[in-house]
Amino acid sequence: MKKLTSLSRFIATFLFLLANITFAGAQNQGYATTADSNENLLRSNGLIYVVVGVIVIILSGLILYLVSIDRKLGKMEKEYGDKH
Amino acid sequence: MQFWPSVWGMLKKDLILEMRQKYAISGILLYMLCIVFIIFMTFGQGVRGPVWVVLFWLIMLFTSVNAVAKSFLQESTGRLLYYYTIASPQAIILAKMLYNIGLMILMSALALLMHSITSGYPIVDSPSFLLANVLGAIAFATTFSMISAIASKASNSGTMMAILSFPILIPILIILIRISLNAIQQNNLAVNLQDLMYLAALDVMILAMALILFPYLWRD
Amino acid sequence: MLKQLHNRWWKILCVAFLVYTFTAGLLIHTPDVPLLHETVRNLFFHVPCWFSMLLLMLISLIYSIKFLRSGRMIHDVIAVSLLKVAMVFGVLGYLTGMLWGNFIWGDLLSWITNDTKILGAAIGLLIYFAYFILRGSIDDEEKRARVAAVYSIFAFILLNVSINVVPRLTSSLHPGSGGNATFTVYDLDNNLRMVFYPAVFGYTLLGLWISSIIIRMTILHYKKNDIPLV
């Protein structure tokens, strides 16, 4: 159980960072050059990092969901007092 | 009992009940008056264009959720059980819907009157706006009747009513607002004809779905 | 479907499709579309979220109807589990769409107001949040299942008709409406299609897989609490 909470905390932190980058982009609209370093990183190489971001969001979302199912199952196992 | 006589009987019962307990309808009227008064105090005579339209439909939305919500929420389980023994479920929901349609058309006429007195009447294309009003009233009445039947099965039905119905009504409200926005710009019924027809089709569809689905709700 | 829950072949198929999606999706040559550039690849990762969400919701709708006709609790269990996973895909589709749209359209949220597909997705998610609140507020299992099924059918059909059938509800930045020229490349390039369809298939199978786990858990829970599944 303890392992799980630390894992989800890690994922939450990661998502927070990701959101930071996303919103940092939102502040300067348009596609032109800006001095913001986040902007330049995400806009480099034909916007490939946006694709990376999308994949990471999907993966972390699914993993978070699996963790929540895992917890629910753990609770059920505890409740019924046996392991299936 | 036969289908149509039982519909008529239920309808008459609702009417008589409404006449007897006047506080319900006067409560809704007071509610509407309050909104209109707040709008008047805020904007004065200066409500024009899109703001007028949006405020009007907001008045309609919140009035109708209050007016129609009670249609099933007010009935005690004992009384509902009695209805089910004397009439078919389709007759019950149809009677409720017809009654609420009448109520909503009356309400929209009153809302239009109050809103026009305080904020003016900027509509150029009255026929399409009034038609949209009638069709919108039907859509609100039928949807809220059905949702009220669903919400009456849940605990804390009052809030449930808003949660369940507002998302469904957003697209219909968008169509209504679009028609109204056209109606304040130009006097041309043809522009809105397609939207009005879609609204009518939606009304028929909601009615049909309610008639099909309601029988599954009442069995307890 | 119940018999397939414990089968292995479709899970292997799912993994194969997903591996193919994530390797080929990143490696194949994509046409350089102005404005989009490499983000065309999001067609393989973002769009299948929506497609699989819609497919899962459709299957759930079928099971809701089945439940109303048969009254067997197992159909309700299937319908709910599918919806839970569909919601997860919907939220993921939203998040990824926000990231993508932020860089292509230059804004995070303002395009909700002028895009039918996003509006429809937003309302759809709201409806199913309401659905789960409704379920939470009814205690009796059988009654809960019945009322929720009625709401689900009513809301889903009404939403889809009013959003998708009514034309020009609002313009759309998405392909297929609003005359957005940059997206017509989707229809032209067979390379993209070669990855896109397997991607949709893989995502949907993954959704079915996750919901099958939830279904099995719920069945276990019902059995332990002596709630008849029939």
# chains A, B, ... in the order shown; residues from 1 in each chain; ligands from 1
>>> residues_around(residues="segment 56-64 of chain B", least_positions_apart="3", cutoff="8 Å", atoms="only C-alpha atoms", output="JSON, numbers by chain")
{"B": [28, 31, 32, 35, 36, 52, 53, 67, 68, 69, 104, 107, 108, 111, 112, 115, 140, 141, 144, 173, 177]}
>>> write_last_selection(atoms="N, CA and C atoms", output="mmCIF file, in the first residue's frame")
data_model
loop_
_atom_site.group_PDB
_atom_site.id
_atom_site.type_symbol
_atom_site.label_atom_id
_atom_site.label_comp_id
_atom_site.auth_asym_id
_atom_site.auth_seq_id
_atom_site.Cartn_x
_atom_site.Cartn_y
_atom_site.Cartn_z
ATOM 1 N N ILE B 28 -43.999 30.586 -8.408
ATOM 2 C CA ILE B 28 -43.194 30.645 -9.631
ATOM 3 C C ILE B 28 -43.247 32.043 -10.236
ATOM 4 N N TYR B 31 -41.045 34.285 -8.355
ATOM 5 C CA TYR B 31 -39.666 33.944 -8.699
ATOM 6 C C TYR B 31 -39.254 34.661 -9.988
ATOM 7 N N MET B 32 -40.152 34.571 -10.989
ATOM 8 C CA MET B 32 -39.886 35.213 -12.276
ATOM 9 C C MET B 32 -39.794 36.723 -12.104
ATOM 10 N N ILE B 35 -36.427 37.781 -10.720
ATOM 11 C CA ILE B 35 -35.331 37.794 -11.693
ATOM 12 C C ILE B 35 -35.429 39.030 -12.575
ATOM 13 N N VAL B 36 -36.645 39.260 -13.096
ATOM 14 C CA VAL B 36 -36.830 40.408 -13.988
ATOM 15 C C VAL B 36 -36.485 41.706 -13.259
ATOM 16 N N TRP B 52 -30.048 40.799 -24.132
ATOM 17 C CA TRP B 52 -31.493 40.648 -23.951
ATOM 18 C C TRP B 52 -31.904 39.194 -24.172
ATOM 19 N N VAL B 53 -31.406 38.625 -25.288
ATOM 20 C CA VAL B 53 -31.771 37.251 -25.646
ATOM 21 C C VAL B 53 -31.328 36.269 -24.573
ATOM 22 N N ALA B 67 -40.809 25.293 -12.213
ATOM 23 C CA ALA B 67 -42.232 25.058 -12.437
ATOM 24 C C ALA B 67 -42.520 23.586 -12.668
ATOM 25 N N VAL B 68 -41.646 22.922 -13.442
ATOM 26 C CA VAL B 68 -41.940 21.549 -13.843
ATOM 27 C C VAL B 68 -41.438 20.539 -12.814
ATOM 28 N N ALA B 69 -40.411 20.952 -12.032
ATOM 29 C CA ALA B 69 -39.798 19.999 -11.099
ATOM 30 C C ALA B 69 -40.830 19.323 -10.212
ATOM 31 N N MET B 104 -45.886 25.734 -19.398
ATOM 32 C CA MET B 104 -44.671 26.396 -19.890
ATOM 33 C C MET B 104 -44.978 27.454 -20.933
ATOM 34 N N MET B 107 -46.109 30.328 -19.053
ATOM 35 C CA MET B 107 -44.964 30.948 -18.382
ATOM 36 C C MET B 107 -44.122 31.761 -19.359
ATOM 37 N N SER B 108 -43.901 31.201 -20.569
ATOM 38 C CA SER B 108 -43.041 31.923 -21.513
ATOM 39 C C SER B 108 -43.736 33.192 -21.984
ATOM 40 N N ALA B 111 -43.219 35.563 -19.101
ATOM 41 C CA ALA B 111 -41.826 36.007 -19.028
ATOM 42 C C ALA B 111 -41.544 37.029 -20.115
ATOM 43 N N LEU B 112 -42.071 36.750 -21.324
ATOM 44 C CA LEU B 112 -41.861 37.670 -22.436
ATOM 45 C C LEU B 112 -42.491 39.025 -22.129
ATOM 46 N N HIS B 115 -40.418 40.750 -19.298
ATOM 47 C CA HIS B 115 -39.101 41.134 -19.792
ATOM 48 C C HIS B 115 -39.229 42.296 -20.782
ATOM 49 N N PHE B 140 -38.644 22.189 -23.145
ATOM 50 C CA PHE B 140 -38.373 22.309 -21.710
ATOM 51 C C PHE B 140 -39.353 21.454 -20.911
ATOM 52 N N ALA B 141 -40.645 21.593 -21.255
ATOM 53 C CA ALA B 141 -41.669 20.904 -20.469
ATOM 54 C C ALA B 141 -41.488 19.396 -20.538
ATOM 55 N N PHE B 144 -38.076 18.274 -18.814
ATOM 56 C CA PHE B 144 -38.123 18.411 -17.359
ATOM 57 C C PHE B 144 -39.113 17.427 -16.746
ATOM 58 N N LEU B 173 -30.835 24.849 -25.899
ATOM 59 C CA LEU B 173 -30.728 26.279 -25.604
ATOM 60 C C LEU B 173 -29.897 26.999 -26.652
ATOM 61 N N ILE B 177 -31.185 30.113 -28.771
ATOM 62 C CA ILE B 177 -30.506 31.406 -28.729
ATOM 63 C C ILE B 177 -30.089 31.830 -30.131
#
>>> interface_residues(of="chain B", to="chain C", cutoff="6 Å", atoms="only C-alpha atoms", output="list of chain:residue names")
B:Ala154, B:Ser155, B:Ile163, B:Leu164, B:Pro167
>>> interface_residues(of="chain C", to="chain A", cutoff="9 Å", atoms="only C-alpha atoms", output="PyMOL selection string")
chain C and resi 22+26+32+35-42+45-46+49+85+88-89+91-93+95-100+102-108+210+213-214+217+221+224
>>> select_by_dssp(residues="segment 74-153 of chain B", states="helix (DSSP H, G or I)", output="PyMOL selection string")
chain B and resi 77-86+89-119+126-151
>>> atom_distance(atom1="atom CA of Leu202 of chain B", atom2="atom CA of Phe51 of chain C")
25.2 Å
>>> atom_distance(atom1="atom CA of Gly120 of chain B", atom2="atom CA of Gln45 of chain B")
7.2 Å
>>> atom_distance(atom1="atom CA of Val230 of chain C", atom2="atom CA of His75 of chain C")
9.8 Å
